[in-house]
Structure formats: C-alpha cells, structure tokens
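Raw contents of model-v9.cif, mmCIF, C-alpha atoms and all ligand atoms:
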data_final
loop_
_atom_site.label_atom_id
_atom_site.label_comp_id
_atom_site.auth_asym_id
_atom_site.auth_seq_id
_atom_site.Cartn_x
_atom_site.Cartn_y
_atom_site.Cartn_z
CA MET A 678 15.99 6.62 9.88
CA MET A 679 13.52 7.82 7.25
CA CYS A 680 11.49 5.20 5.47
CA GLU A 681 8.09 4.83 3.92
CA ILE A 682 5.46 3.67 6.39
CA ASN A 683 2.14 2.41 5.10
CA PHE A 684 -0.74 3.25 7.43
CA ASP A 685 -3.60 0.96 6.51
CA GLY A 686 -7.13 1.66 7.61
CA LEU A 687 -8.25 -1.08 9.96
CA ILE A 688 -11.58 -2.04 8.45
CA GLY A 689 -14.38 -1.09 10.80
CA PRO A 690 -17.15 -3.34 12.15
CA SER A 691 -19.87 -1.38 10.29
CA HIS A 692 -18.50 -2.26 6.82
CA ASN A 693 -21.50 -2.53 4.47
CA TYR A 694 -22.52 -2.05 0.85
CA ALA A 695 -24.81 0.95 0.40
CA ALA A 696 -23.97 2.26 -3.10
CA LEU A 697 -23.09 5.65 -1.69
CA SER A 698 -20.42 6.70 -4.20
CA LEU A 699 -21.64 7.94 -7.56
CA GLY A 700 -18.99 7.28 -10.20
CA ASN A 701 -17.48 4.39 -8.25
CA LEU A 702 -18.65 1.45 -10.35
CA ALA A 703 -17.86 -1.28 -7.80
CA SER A 704 -19.80 0.52 -5.06
CA ALA A 705 -22.79 0.97 -7.38
CA LYS A 706 -22.68 -2.66 -8.46
CA HIS A 707 -22.56 -4.11 -4.95
CA GLY A 708 -25.13 -1.80 -3.35
CA GLY A 709 -27.53 -3.97 -1.34
CA ALA A 710 -25.18 -6.95 -1.18
CA THR A 711 -24.43 -8.59 2.16
CA SER A 712 -21.07 -7.53 3.53
CA ARG A 713 -18.75 -9.55 5.77
CA PRO A 714 -17.10 -7.09 8.16
CA ARG A 715 -15.11 -9.74 10.04
CA ALA A 716 -13.69 -11.23 6.85
CA ALA A 717 -13.05 -7.71 5.52
CA ALA A 718 -11.00 -6.69 8.56
CA LEU A 719 -9.07 -9.97 8.53
CA GLN A 720 -8.29 -9.53 4.82
CA GLY A 721 -6.99 -6.03 5.54
CA LEU A 722 -4.87 -7.25 8.42
CA ALA A 723 -3.47 -10.09 6.31
CA LYS A 724 -2.38 -7.53 3.72
CA MET A 725 -0.64 -5.52 6.44
CA ARG A 726 1.13 -8.65 7.64
CA PHE A 727 2.17 -9.46 4.10
CA VAL A 728 3.71 -6.03 3.52
CA ARG A 729 5.53 -6.35 6.86
CA SER A 730 6.82 -9.74 5.75
CA LEU A 731 8.48 -8.01 2.79
CA GLY A 732 10.62 -6.19 5.34
CA LEU A 733 8.70 -2.90 5.47
CA VAL A 734 7.38 -0.84 8.36
CA GLN A 735 3.61 -1.07 8.75
CA GLY A 736 1.21 1.19 10.60
CA PHE A 737 -2.54 1.42 10.86
CA LEU A 738 -5.29 3.93 11.56
CA LEU A 739 -8.40 3.08 13.54
CA PRO A 740 -11.94 3.01 12.21
CA LEU A 741 -14.07 6.03 13.03
CA ASP A 742 -17.01 5.86 15.40
CA ARG A 743 -19.95 4.67 13.31
CA PRO A 744 -22.89 5.11 13.08
CA ASN A 745 -22.00 8.77 13.49
CA VAL A 746 -24.60 9.83 16.05
CA GLY A 747 -23.39 13.45 16.16
CA PHE A 748 -24.08 13.75 12.44
CA LEU A 749 -27.53 12.22 12.84
CA ARG A 750 -28.29 14.70 15.64
CA GLN A 751 -27.21 17.52 13.32
CA MET A 752 -29.73 16.12 10.85
CA GLY A 753 -32.47 16.50 13.43
CA PHE A 754 -32.77 13.10 15.12
CA ALA A 755 -33.05 13.29 18.91
CA GLY A 756 -33.15 11.09 21.98
CA THR A 757 -30.59 8.74 23.48
CA ASP A 758 -27.85 7.51 21.13
CA GLU A 759 -29.74 4.26 20.61
CA GLN A 760 -32.96 6.13 19.87
CA VAL A 761 -31.20 8.40 17.40
CA ILE A 762 -29.84 5.34 15.58
CA ALA A 763 -33.18 3.51 15.57
CA ARG A 764 -35.13 6.57 14.44
CA ALA A 765 -32.74 7.49 11.64
CA ALA A 766 -32.49 3.89 10.39
CA ALA A 767 -36.28 3.68 10.20
CA ALA A 768 -36.94 7.17 8.81
CA ASP A 769 -34.26 7.54 6.16
CA PRO A 770 -32.24 4.43 5.28
CA ARG A 771 -29.93 6.26 2.90
CA LEU A 772 -29.12 9.03 5.35
CA PHE A 773 -28.54 6.38 7.99
CA ALA A 774 -26.19 4.46 5.68
CA THR A 775 -24.31 7.73 5.20
CA ALA A 776 -23.79 7.84 8.97
CA ALA A 777 -22.89 4.15 9.23
CA SER A 778 -20.33 3.75 6.45
CA ALA A 779 -16.94 2.29 7.31
CA SER A 780 -15.44 4.35 4.47
CA SER A 781 -12.57 5.67 6.60
CA MET A 782 -10.88 2.30 5.88
CA TRP A 783 -9.60 3.87 2.64
CA THR A 784 -6.84 5.88 4.24
CA ALA A 785 -5.41 6.94 0.88
CA ASN A 786 -8.23 9.47 1.20
CA ALA A 787 -7.48 10.42 4.80
CA ALA A 788 -4.89 13.07 3.98
CA THR A 789 -2.21 14.37 1.65
CA VAL A 790 1.33 13.94 2.93
CA SER A 791 4.35 16.01 1.88
CA PRO A 792 7.47 14.40 3.33
CA SER A 793 10.02 16.63 5.03
CA PRO A 794 12.59 16.80 2.19
CA ASP A 795 9.94 18.45 -0.01
CA THR A 796 8.82 21.23 2.31
CA ALA A 797 10.11 24.73 3.06
CA ASP A 798 10.31 24.24 6.84
CA GLY A 799 11.69 20.70 6.74
CA ARG A 800 8.68 19.19 8.51
CA CYS A 801 6.46 16.46 7.16
CA HIS A 802 3.13 18.18 6.37
CA ILE A 803 -0.13 16.27 6.56
CA SER A 804 -3.47 17.78 5.51
CA ALA A 805 -6.68 15.93 6.37
CA ALA A 806 -8.88 15.65 3.27
CA ASN A 807 -12.37 17.16 3.30
CA LEU A 808 -13.81 14.49 0.96
CA SER A 809 -16.61 16.95 0.38
CA ARG A 810 -17.99 15.47 -2.84
CA MET A 811 -19.62 12.44 -1.19
CA ALA A 812 -21.87 12.95 1.85
CA HIS A 813 -20.74 9.83 3.71
CA ARG A 814 -17.09 10.72 3.23
CA SER A 815 -17.50 14.44 3.99
CA ILE A 816 -18.17 13.62 7.65
CA GLU A 817 -14.87 11.78 8.14
CA HIS A 818 -12.37 14.60 8.40
CA PRO A 819 -12.87 15.99 11.93
CA GLU A 820 -12.27 12.55 13.47
CA THR A 821 -9.55 11.73 10.97
CA HIS A 822 -7.76 14.95 11.77
CA ALA A 823 -8.00 14.23 15.49
CA GLN A 824 -6.46 10.81 14.97
CA LEU A 825 -3.67 12.11 12.72
CA ALA A 826 -2.90 14.77 15.33
CA ILE A 827 -2.28 12.01 17.89
CA ALA A 828 -0.33 9.68 15.60
CA PHE A 829 1.85 12.50 14.30
CA ALA A 830 2.08 14.73 17.38
CA ASP A 831 5.89 14.91 17.18
CA PRO A 832 7.23 18.32 16.05
CA ALA A 833 8.70 16.57 13.01
CA PHE A 834 5.14 16.74 11.61
CA ALA A 835 2.66 19.53 10.90
CA VAL A 836 -0.92 18.25 10.80
CA HIS A 837 -3.44 20.56 9.12
CA GLU A 838 -7.22 20.60 9.18
CA ALA A 839 -9.21 19.92 6.03
CA LEU A 840 -9.76 22.64 3.43
CA PRO A 841 -13.14 24.40 3.12
CA ALA A 842 -15.76 22.09 1.62
CA ALA A 843 -16.21 24.18 -1.53
CA PHE A 844 -12.88 22.85 -2.75
CA GLY A 845 -13.14 19.08 -2.98
CA ASP A 846 -10.01 17.33 -1.75
CA GLU A 847 -9.60 13.54 -1.67
CA GLY A 848 -6.11 13.34 -0.24
CA ALA A 849 -3.31 11.04 -1.33
CA ALA A 850 -5.53 9.15 -3.80
CA ASN A 851 -4.94 12.07 -6.18
CA PHE A 852 -1.32 12.59 -5.34
CA MET A 853 1.90 10.95 -6.48
CA ARG A 854 5.48 11.56 -5.50
CA LEU A 855 8.66 10.84 -7.40
CA CYS A 856 11.99 10.90 -5.60
CA ALA A 857 15.50 9.57 -6.00
CA SER A 858 15.70 8.54 -2.32
CA HIS A 859 13.70 9.16 0.84
CA GLU A 860 16.15 11.86 1.90
CA ALA A 861 16.07 13.68 -1.45
CA PRO A 862 13.49 16.36 -2.35
CA GLY A 863 10.78 14.83 -4.49
CA VAL A 864 8.49 15.98 -7.26
CA GLU A 865 4.92 16.09 -5.95
CA ILE A 866 2.27 15.47 -8.58
CA PHE A 867 -1.23 16.66 -7.72
CA VAL A 868 -3.93 15.25 -9.98
CA TYR A 869 -7.32 16.94 -10.28
CA GLY A 870 -10.53 16.49 -12.25
CA GLU A 871 -12.62 18.98 -14.18
CA ASP A 872 -16.39 19.06 -13.69
CA GLY A 873 -18.72 18.55 -16.61
CA GLY A 874 -18.37 14.81 -17.21
CA LYS A 875 -20.69 11.93 -16.50
CA PHE A 876 -19.62 11.63 -12.85
CA PRO A 877 -18.55 14.19 -10.24
CA ALA A 878 -14.87 15.16 -10.36
CA ARG A 879 -13.75 14.73 -6.79
CA GLN A 880 -10.46 16.62 -6.66
CA ASN A 881 -10.53 20.35 -7.31
CA ARG A 882 -7.47 22.03 -8.78
CA ARG A 883 -7.58 24.91 -6.28
CA ALA A 884 -7.66 22.40 -3.43
CA SER A 885 -4.48 20.78 -4.76
CA GLU A 886 -2.82 24.17 -5.14
CA ALA A 887 -3.83 25.14 -1.61
CA ILE A 888 -2.34 21.96 -0.18
CA ALA A 889 0.93 22.43 -2.05
CA ARG A 890 1.08 26.07 -0.87
CA ARG A 891 0.42 25.38 2.77
CA HIS A 892 2.82 22.44 2.83
CA GLY A 893 5.51 24.71 1.35
CA VAL A 894 6.21 22.37 -1.58
CA SER A 895 8.50 23.83 -4.22
CA ASN A 896 8.51 21.05 -6.81
CA ALA A 897 4.80 20.60 -7.51
CA LEU A 898 3.01 19.68 -10.72
CA PHE A 899 -0.73 20.05 -11.22
CA VAL A 900 -2.07 17.54 -13.68
CA ALA A 901 -5.61 17.03 -15.00
CA GLN A 902 -7.16 13.56 -15.05
CA SER A 903 -8.52 12.62 -18.44
CA GLN A 904 -12.27 12.92 -18.70
CA THR A 905 -12.27 9.53 -20.40
CA ALA A 906 -10.77 7.98 -17.27
CA ILE A 907 -13.27 9.65 -14.91
CA ASP A 908 -16.18 8.67 -17.13
CA ALA A 909 -14.90 5.08 -17.24
CA GLY A 910 -14.98 4.96 -13.42
CA ALA A 911 -11.57 6.32 -12.35
CA PHE A 912 -13.11 8.39 -9.56
CA HIS A 913 -9.63 8.78 -8.07
CA ASN A 914 -6.33 8.97 -9.93
CA ASP A 915 -4.98 6.02 -7.94
CA VAL A 916 -7.30 3.80 -9.96
CA VAL A 917 -5.24 4.51 -13.10
CA ALA A 918 -1.75 5.45 -11.87
CA VAL A 919 0.73 4.84 -9.06
CA ALA A 920 4.20 6.19 -8.36
CA ASN A 921 7.05 5.11 -6.15
CA GLY A 922 10.66 6.22 -5.95
CA HIS A 923 11.71 7.23 -9.46
CA VAL A 924 8.95 5.18 -11.17
CA LEU A 925 5.55 6.30 -12.41
CA PHE A 926 3.29 3.46 -13.56
CA ALA A 927 0.18 4.68 -15.36
CA HIS A 928 -2.44 3.80 -17.92
CA GLU A 929 -2.11 5.48 -21.29
CA GLN A 930 -5.49 7.19 -20.80
CA ALA A 931 -4.98 8.34 -17.20
CA PHE A 932 -4.17 11.99 -17.88
CA ALA A 933 -5.60 14.72 -20.09
CA ASP A 934 -2.09 15.59 -21.31
CA ALA A 935 0.26 12.65 -20.74
CA ALA A 936 2.86 14.12 -23.12
CA GLY A 937 2.99 17.34 -21.11
CA LEU A 938 3.36 15.38 -17.87
CA LYS A 939 6.20 13.30 -19.31
CA ALA A 940 8.01 16.45 -20.44
CA ASP A 941 7.60 18.09 -17.02
CA ILE A 942 8.87 15.00 -15.23
CA ALA A 943 11.85 14.68 -17.56
CA ARG A 944 12.71 18.31 -16.83
CA LEU A 945 12.36 18.06 -13.03
CA MET A 946 13.71 14.54 -12.59
CA PRO A 947 15.69 13.23 -15.55
CA GLU A 948 16.26 9.82 -13.93
CA ALA A 949 12.51 9.15 -13.59
CA VAL A 950 11.07 6.14 -15.40
CA TYR A 951 7.54 6.45 -16.82
CA ILE A 952 5.97 3.05 -17.43
CA GLU A 953 2.90 3.59 -19.56
CA VAL A 954 0.48 0.72 -20.10
CA PRO A 955 -1.05 1.01 -23.56
CA ALA A 956 -4.81 0.67 -23.95
CA ALA A 957 -4.06 -1.93 -26.62
CA ALA A 958 -2.53 -4.17 -23.93
CA VAL A 959 -4.94 -3.38 -21.08
CA SER A 960 -8.16 -1.51 -21.82
CA LEU A 961 -9.27 1.21 -19.43
CA ALA A 962 -12.24 -1.01 -18.52
CA ASP A 963 -9.94 -3.92 -17.61
CA ALA A 964 -7.63 -1.60 -15.66
CA ILE A 965 -10.57 -0.30 -13.64
CA ARG A 966 -12.24 -3.68 -13.17
CA SER A 967 -9.00 -5.34 -12.04
CA TYR A 968 -7.53 -2.36 -10.13
CA LEU A 969 -4.15 -3.02 -11.75
CA PHE A 970 -2.97 0.46 -10.79
CA ASN A 971 -4.56 0.45 -7.37
CA SER A 972 -1.64 -1.58 -6.25
CA GLN A 973 1.09 -0.79 -3.78
CA LEU A 974 4.32 -0.17 -5.61
CA LEU A 975 6.94 -0.83 -2.96
CA THR A 976 10.69 -0.52 -2.74
CA LEU A 977 11.98 -3.58 -0.93
CA PRO A 978 15.00 -3.61 1.37
CA ASP A 979 17.18 -4.93 -1.50
CA GLY A 980 16.28 -1.88 -3.60
CA SER A 981 14.08 -3.71 -6.10
CA MET A 982 10.40 -2.84 -6.56
CA ALA A 983 7.37 -5.07 -6.16
CA LEU A 984 3.68 -4.60 -6.81
CA VAL A 985 1.09 -5.74 -4.30
CA LEU A 986 -2.08 -6.15 -6.34
CA PRO A 987 -5.60 -7.36 -5.73
CA LYS A 988 -6.46 -10.93 -6.75
CA GLU A 989 -8.80 -9.43 -9.32
CA ALA A 990 -5.71 -8.32 -11.28
CA GLU A 991 -4.49 -11.91 -11.42
CA GLU A 992 -7.91 -13.03 -12.61
CA THR A 993 -8.13 -10.52 -15.48
CA PRO A 994 -6.35 -12.18 -18.42
CA SER A 995 -5.10 -9.01 -20.16
CA VAL A 996 -3.74 -7.67 -16.88
CA LYS A 997 -2.09 -10.95 -15.86
CA ALA A 998 -0.41 -11.21 -19.27
CA TYR A 999 0.84 -7.63 -18.99
CA LEU A 1000 2.20 -8.21 -15.47
CA ASP A 1001 3.98 -11.41 -16.50
CA MET A 1002 5.72 -9.46 -19.22
CA LEU A 1003 6.49 -6.53 -16.92
CA VAL A 1004 8.20 -8.51 -14.17
CA ALA A 1005 10.12 -10.65 -16.68
CA GLY A 1006 11.62 -7.52 -18.27
CA ASN A 1007 14.62 -5.47 -17.27
CA GLY A 1008 12.64 -2.69 -15.63
CA PRO A 1009 12.59 -1.69 -11.98
CA ILE A 1010 9.45 -3.70 -11.11
CA ARG A 1011 10.60 -7.24 -10.36
CA ALA A 1012 7.68 -8.96 -8.65
CA ALA A 1013 3.89 -9.01 -8.52
CA HIS A 1014 2.11 -10.31 -5.41
CA PHE A 1015 -1.64 -10.79 -5.25
CA VAL A 1016 -3.68 -10.28 -2.10
CA ASP A 1017 -7.32 -10.93 -1.28
CA VAL A 1018 -9.04 -7.71 -0.28
CA ARG A 1019 -12.33 -8.57 -1.97
CA GLU A 1020 -14.59 -7.12 0.70
CA SER A 1021 -12.98 -3.71 0.20
CA MET A 1022 -12.71 -4.14 -3.58
CA GLN A 1023 -16.48 -4.59 -3.79
CA ASN A 1024 -16.82 -1.03 -2.55
CA GLY A 1025 -14.15 0.25 -4.96
CA GLY A 1026 -11.15 0.11 -2.63
CA GLY A 1027 -8.03 -1.83 -3.62
CA PRO A 1028 -4.70 -2.36 -1.85
CA ALA A 1029 -3.59 1.22 -2.55
CA CYS A 1030 -6.83 2.78 -1.30
CA LEU A 1031 -6.38 1.00 1.99
CA ARG A 1032 -3.10 2.69 2.84
CA LEU A 1033 -1.71 6.14 3.53
CA ARG A 1034 1.99 6.50 2.84
CA VAL A 1035 4.08 8.57 5.21
CA VAL A 1036 7.81 8.98 4.69
CA ALA A 1037 9.23 9.56 8.14
CA ASP A 1038 11.37 8.17 10.91
CA PRO A 1039 9.17 5.52 12.62
CA ALA A 1040 10.67 6.57 15.96
CA ARG A 1041 8.78 9.87 15.59
CA VAL A 1042 5.38 8.19 15.18
CA ASP A 1043 3.15 7.36 18.13
CA PRO A 1044 3.95 3.64 18.57
CA ARG A 1045 0.30 2.78 19.20
CA PHE A 1046 -0.24 3.19 15.44
CA LEU A 1047 2.57 0.85 14.43
CA LEU A 1048 2.12 -2.86 13.84
CA ASP A 1049 4.28 -5.73 15.02
CA ASP A 1050 3.54 -9.45 14.90
CA ALA A 1051 2.31 -9.68 18.48
CA LYS A 1052 -0.06 -6.77 17.96
CA ALA A 1053 -1.29 -8.24 14.69
CA ASP A 1054 -2.07 -11.48 16.56
CA ARG A 1055 -3.99 -9.60 19.22
CA LEU A 1056 -5.92 -7.56 16.66
CA GLU A 1057 -6.81 -10.69 14.75
CA ARG A 1058 -8.22 -12.32 17.86
CA LEU A 1059 -10.13 -9.18 18.72
CA ILE A 1060 -11.67 -8.96 15.25
CA GLU A 1061 -12.65 -12.62 15.38
CA GLN A 1062 -14.33 -12.06 18.70
CA TRP A 1063 -16.09 -8.75 18.12
CA TRP A 1064 -16.64 -7.95 14.42
CA PRO A 1065 -20.05 -8.87 12.95
CA GLN A 1066 -19.93 -11.77 10.50
CA ALA A 1067 -22.36 -10.21 8.04
CA ILE A 1068 -24.43 -7.10 7.43
CA SER A 1069 -27.37 -7.40 5.02
CA PRO A 1070 -29.65 -4.49 4.07
CA ALA A 1071 -32.26 -5.86 6.50
CA ASP A 1072 -29.73 -5.76 9.35
CA MET A 1073 -29.32 -2.01 8.98
CA THR A 1074 -32.40 -1.39 11.15
CA ASN A 1075 -31.40 -3.91 13.82
CA PRO A 1076 -30.46 -2.06 17.05
CA ASP A 1077 -28.53 -5.11 18.33
CA LEU A 1078 -26.18 -4.90 15.38
CA TRP A 1079 -25.29 -1.30 16.15
CA ARG A 1080 -24.81 -2.07 19.84
CA ASP A 1081 -22.35 -4.79 18.79
CA VAL A 1082 -20.60 -2.46 16.33
CA LYS A 1083 -20.08 0.19 19.01
CA ALA A 1084 -18.86 -2.44 21.49
CA ALA A 1085 -16.42 -3.81 18.89
CA ARG A 1086 -14.80 -0.43 18.36
CA ALA A 1087 -14.64 0.20 22.10
CA ALA A 1088 -12.81 -3.13 22.53
CA LEU A 1089 -10.38 -2.12 19.80
CA LEU A 1090 -9.65 1.26 21.39
CA ALA A 1091 -9.04 -0.43 24.73
CA GLU A 1092 -6.68 -2.92 23.11
CA VAL A 1093 -4.66 -0.24 21.33
CA GLY A 1094 -4.75 2.10 24.32
CA LEU A 1095 -6.41 5.06 22.62
CA ALA A 1096 -9.39 7.21 23.50
CA LEU A 1097 -10.80 8.72 20.30
O1 LIG A 1101 -14.75 7.00 -1.81
N1 LIG A 1101 -16.07 3.77 -1.58
C1 LIG A 1101 -14.92 4.64 -1.56
C2 LIG A 1101 -13.72 3.96 -2.17
C3 LIG A 1101 -12.49 4.77 -2.00
C4 LIG A 1101 -11.35 4.22 -2.74
N2 LIG A 1101 -10.20 4.99 -2.50
C5 LIG A 1101 -9.23 5.26 -3.39
N3 LIG A 1101 -9.39 5.08 -4.66
N4 LIG A 1101 -8.16 5.78 -2.94
C6 LIG A 1101 -15.21 5.96 -2.27
O2 LIG A 1101 -15.89 5.94 -3.29
C7 LIG A 1101 -18.33 3.10 -1.05
C8 LIG A 1101 -19.24 3.06 0.16
C9 LIG A 1101 -20.56 2.43 -0.14
O3 LIG A 1101 -21.05 2.57 -1.27
O4 LIG A 1101 -21.15 1.78 0.77
C10 LIG A 1101 -17.16 4.04 -0.90
O5 LIG A 1101 -17.24 5.01 -0.16
#
Would you mind giving the structure from this file in structure tokens?
Amino acid sequence: MMCEINFDGLIGPSHNYAALSLGNLASAKHGGATSRPRAAALQGLAKMRFVRSLGLVQGFLLPLDRPNVGFLRQMGFAGTDEQVIARAAAADPRLFATAASASSMWTANAATVSPSPDTADGRCHISAANLSRMAHRSIEHPETHAQLAIAFADPAFAVHEALPAAFGDEGAANFMRLCASHEAPGVEIFVYGEDGGKFPARQNRRASEAIARRHGVSNALFVAQSQTAIDAGAFHNDVVAVANGHVLFAHEQAFADAAGLKADIARLMPEAVYIEVPAAAVSLADAIRSYLFNSQLLTLPDGSMALVLPKEAEETPSVKAYLDMLVAGNGPIRAAHFVDVRESMQNGGGPACLRLRVVADPARVDPRFLLDDAKADRLERLIEQWWPQAISPADMTNPDLWRDVKAARAALLAEVGLAL
C-alpha cells in the first residue's frame, strides 16, 4: 500500500564544521567549531526511531565515501589514497574540507521526487539533484544517484541523473506537494530563487521546469522565493515553508508573490489549507534561527497531523508561543514534538533537511534501506563503536582520523549488506 516513507540521511563519520555554505547562516557561524560525529549520527537515528514510533515507515540513505579521493585526484593530488588525503589536507585545507564534508546527510537535497499519481507514466520519478551552487555539495550527485538507483530499482520507479550543472537544482528542499490522499494526483510546487541578492540563489527556475517536464508532472506551479527570505538566510525554501497532505505551512515572507500562490492553490486544490505565519507573530529572523518551518509535517495513522521540530524551535519564545496557539486551535496540526538534532542544526540542517520523502509502496523499496527496531539497535551499536567522537579543525590533517572514518563507513556497508 502507498504511504509516505521518510528516508533520512545517516550522518556520516566525517561530519565537521567548515563554513562551506555561503548564505547558510548556521554553517557560517559554526565554521571552525569542533563537531561530534558520533553524537550527530545518534541524534539522527533517534529522530528516525521517534518518527517510526509515531507509526510511520522509516528508511535511510547511507553516507557517501568521504574524503572523496576521486575528487581530490581530479584536483591534481596523486599517490596512494592515504597520500592524496594527506597532501590535500596539508596543501589546501578548504579544498580538503570540500572533499571531506558529510553534507549528504541532508537528503532533502538528494533528489526531487514526483510520486506516481502525479506523473504521466504512473511511475514514481526521482531526479538526483546537482547541488551545483556549492562546491562541496556539487560532488555528491554521482554517488547519490548510484545509491538511489539501488534503493529504487523496482520498475515502479524511474531514477534520473542530475541536471547539467549550469542549472542549479537542490532537490526536494525547494519542492512541496499538496494532495488530498496518497493515491490522488497532487499539486507539485517548485520554488526557485532569482540571482542578484546578497547570497547565491541555489534553485534555478529552468532546473525546476526541467524536472517537472521529465517527471511528466501535469499539475506543477513554479513559485519564486522572496529575496527578503534568501537575504535573511533562507538558502532553501524548506527553511520558510513546509507542506503535507492538503496543508501548506509557510512564513508570510517566504514567497515573492504569496497572494498569487494562494490563488493558484485555491484554483487547483480548493480543499487546501494555507497556514500563514505572520511576521508580527514570528519574525523571519526567529523563523530562520529556530527552523520552525524546517520541521517534518506528518500525517499520523489516525489522520491528524503533527510537527516534528528541532529543540531550537521550543527554545525560541515567539515560536513556542505560536506553536502552542497552533496546536490548541481547530486546525489540522494537532501536535508539536521537539527533537535534538543540534549537530546537524549547527550546519544549517533541521529535521526536514535530514529526510527525503518518497510516497510509494514500501514493498517496492530495497529492504536494505528500510529501518526496523532491530536494525536501529545494530546501527546504534555500530555508530558507538566506529564513529569518531569529535573532529576539531586541527584533526583535519590527522591521517589516523581519516583511516578511522573510512573504516567506519566500511563497517556500516558490511552491516547493511551494500557495496557502494
Ligand atoms: O547545503 N550545510 C547544508 C545544509 C543543507 C540543509 N538542507 C535543507 N535546507 N534542506 C547546505 O548548506 C554546511 C557544511 C559546512 O559548512 O561544513 C552545509 O553544507
């Protein structure tokens, strides 16, 4: 039976803070801080367990092989793998950090997914995202595509390669879907940014149009992010808006033309509910600091909706007051749960960034990518045994660390039974 499956990125052993993402305020702020990869991965796994405990199907994607030695070779470093790593780390710390980032944890950027009821051929279409605007993210897609091709090898899916790099595409982070039920055709909302602001716009309109075209989506809307939101640090739309089922939950300043979007939605889906959070209640700065909208808006088995938010939302007074009011009202969102994903948050990735939503029959997905309690236990033990406790800037040139990081991923692949 069709349902929504959240595929969270299992947080990789190389997780570190390198300030690689211009326009991502949290990443800039924490550059040079000491990361805690083991705690990060356990936090991510605890979130997956929590979502499962709500009665939902949970999947995961594996971290990519980092440091990316192939990339460093392309950049001219030679020798054995260990020599390439040591030479790059010594010669160009920033380039090396680009190769070492665990950024594939944010699987909302892995791909754009058009579920089968929306597409012309009735298959679920998945396009890997090129992430071409940020160097460290632009080198994810070949491995991501390879992994998606294994997880979704069933003919019920069509997995596409990333678009050409000239057209920046950041995947599901700039995509929302409204639908009456999982079986019903939805309205797919592609959100893009225009260049010319303070920070790079990451999603190009032509990229969104290309994805909609090749997925065969008939009900597609193309909506511009507001420049105010991008300039305030909303480097992806999912920092200021989230949709689920017939509900769109967004900040008042998320879109360049919110009135136009509301009119289009009302025309295409009259039963849709647009919950707009006024700037007077929650400022854009508070929304971005707390990641209020970078929450998972989930439909629970009883049909009600719940938000899974970062702890930072609970700790931001304006946001907490708004949420208390929201869940006490008569609207569709009935509960707010707070989870600790601080290690990811410090690099600008909240609960929603950490997951890729796929509406599909779980029986059609490669079971190695699905989580159950026993597997979660095993993964937890493995992370405790293999993941580094901490990575400080000084550790980045330590060859022992990278040997451990490679061994940790190898142990994970062996556990899950995958060769990637
Ligand atoms: O692309 N951070 C990620 C965060 C992605 C969040 N995803 C969504 N909003 N869906 C990014 O900016 C920081 C890495 C560093 O600075 O070390 C980073 O890549």
Per residue of chain A within 6 Å of ligand LIG 1101 (chain A), which atom pair is closest and at what distance in Å (one decimal), using only C-alpha atoms and all ligand atoms, listed by chain and increasing number, as a Markdown table?
| residue | atom | partner | partner_atom | distance |
| --- | --- | --- | --- | --- |
| A:Asn693 | CA | A:LIG1101 | O4 | 5.7 |
| A:Tyr694 | CA | A:LIG1101 | O4 | 4.1 |
| A:Ala695 | CA | A:LIG1101 | O4 | 3.8 |
| A:Ala696 | CA | A:LIG1101 | O3 | 3.5 |
| A:Leu697 | CA | A:LIG1101 | O3 | 3.7 |
| A:Ser698 | CA | A:LIG1101 | O2 | 4.7 |
| A:Asn701 | CA | A:LIG1101 | O2 | 5.4 |
| A:Ser704 | CA | A:LIG1101 | O3 | 4.5 |
| A:Ser780 | CA | A:LIG1101 | O5 | 5.0 |
| A:Trp783 | CA | A:LIG1101 | N2 | 5.3 |
| A:Ala785 | CA | A:LIG1101 | N4 | 4.8 |
| A:Asn786 | CA | A:LIG1101 | N4 | 5.5 |
| A:Ala850 | CA | A:LIG1101 | N4 | 4.4 |
| A:His913 | CA | A:LIG1101 | N3 | 5.0 |
| A:Asp915 | CA | A:LIG1101 | N3 | 5.6 |
| A:Val916 | CA | A:LIG1101 | N3 | 5.8 |
| A:Asn1024 | CA | A:LIG1101 | C7 | 4.6 |
| A:Gly1025 | CA | A:LIG1101 | C2 | 4.7 |
| A:Gly1026 | CA | A:LIG1101 | C4 | 4.1 |
| A:Cys1030 | CA | A:LIG1101 | N4 | 3.7 |
Computed gap from atom CA of A:Gly870 to atom CA of A:Ala901 is 5.7 Å
Practice task
Pick out the closest residue to A:Ala833 from this set: A:Ala990, A:Met679, A:Ala710, A:Leu855. Count all atoms listed in the file.
Solution key: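 Ranking A:Ala990, A:Met679, A:Ala710, A:Leu855 by distance to A:Ala833, first place goes to A:Met679.
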Stretch 985-1086 of chain A near stretch 746-765 of chain A within 8 Å: what's each residue's closest atom pair and its distance in Å to one decimal, counting all atoms listed in the file, ordered by chain then ascending residue number, as a Markdown table?
| residue | atom | partner | partner_atom | distance |
| --- | --- | --- | --- | --- |
| A:Thr1074 | CA | A:Ala763 | CA | 6.6 |
| A:Asn1075 | CA | A:Ala763 | CA | 7.8 |
| A:Pro1076 | CA | A:Ala763 | CA | 6.4 |
The residue from A:Arg882, A:Ile1068, A:Ser809, A:Val728 with the smallest atom-to-atom distance to A:Leu984, counting only C-alpha atoms, is A:Val728
Subject >> Selected residue, from A:Phe834, A:Phe727, A:Phe773, A:Phe844, that lies nearest to A:Ala1037 when counting all atoms listed in the file >> reply: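 Closest candidate: A:Phe834.
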Env of A:Ala897: 6 Å cut, atoms = only C-alpha atoms, seq-sep filter 4 positions within chain, self excluded. Answer as a list in words.
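After dropping sequence-adjacent residues, the list is Val864, Glu865 and Ile866 of chain A.
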- Excluding same-chain residues fewer than 2 positions from A:Gln930, what lies within 12 Å of it counting only C-alpha atoms, as number ranges by chain? A: 901-909, 911, 914, 916-918, 926-928, 932-936, 953-957, 959-962, 964-965
Checklist line | Among the residues A:Asp798, A:Glu847, A:Asp1017, A:Glu817, the one that comes closest to A:Ser781 [using all atoms listed in the file] | finding: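 Closest candidate: A:Glu817.
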| Please, what distance in Å, to one decimal, runs between atom CA of A:Ser967 and atom CA of A:Glu991? |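 According to the coordinates, atom CA of A:Ser967 and atom CA of A:Glu991 are separated by 8.0 Å.
Between atom CA of A:Gly873 and atom CA of A:Gly845 there is a distance of 14.7 Å.
Distances to A:Asp979 were evaluated for A:Ala1088, A:Leu733, A:Val900, A:Met678 using all atoms listed in the file, and the minimum falls at A:Leu733.
Among A:Thr796, A:Gln973, A:Ser981, A:Thr789, the residue with the shortest atom-to-atom distance to A:Gln880, counting all atoms listed in the file, is A:Thr789.
A search radius of 10 Å centred on (-20.4, 11.9, -2.4), applied to all atoms listed in the file, returns the residues Leu697, Ser698, Leu699, Gly700, Asn701, Thr775, Leu808, Ser809, Arg810, Met811, Ala812, His813, Arg814, Ser815, Pro877 and Arg879 of chain A.
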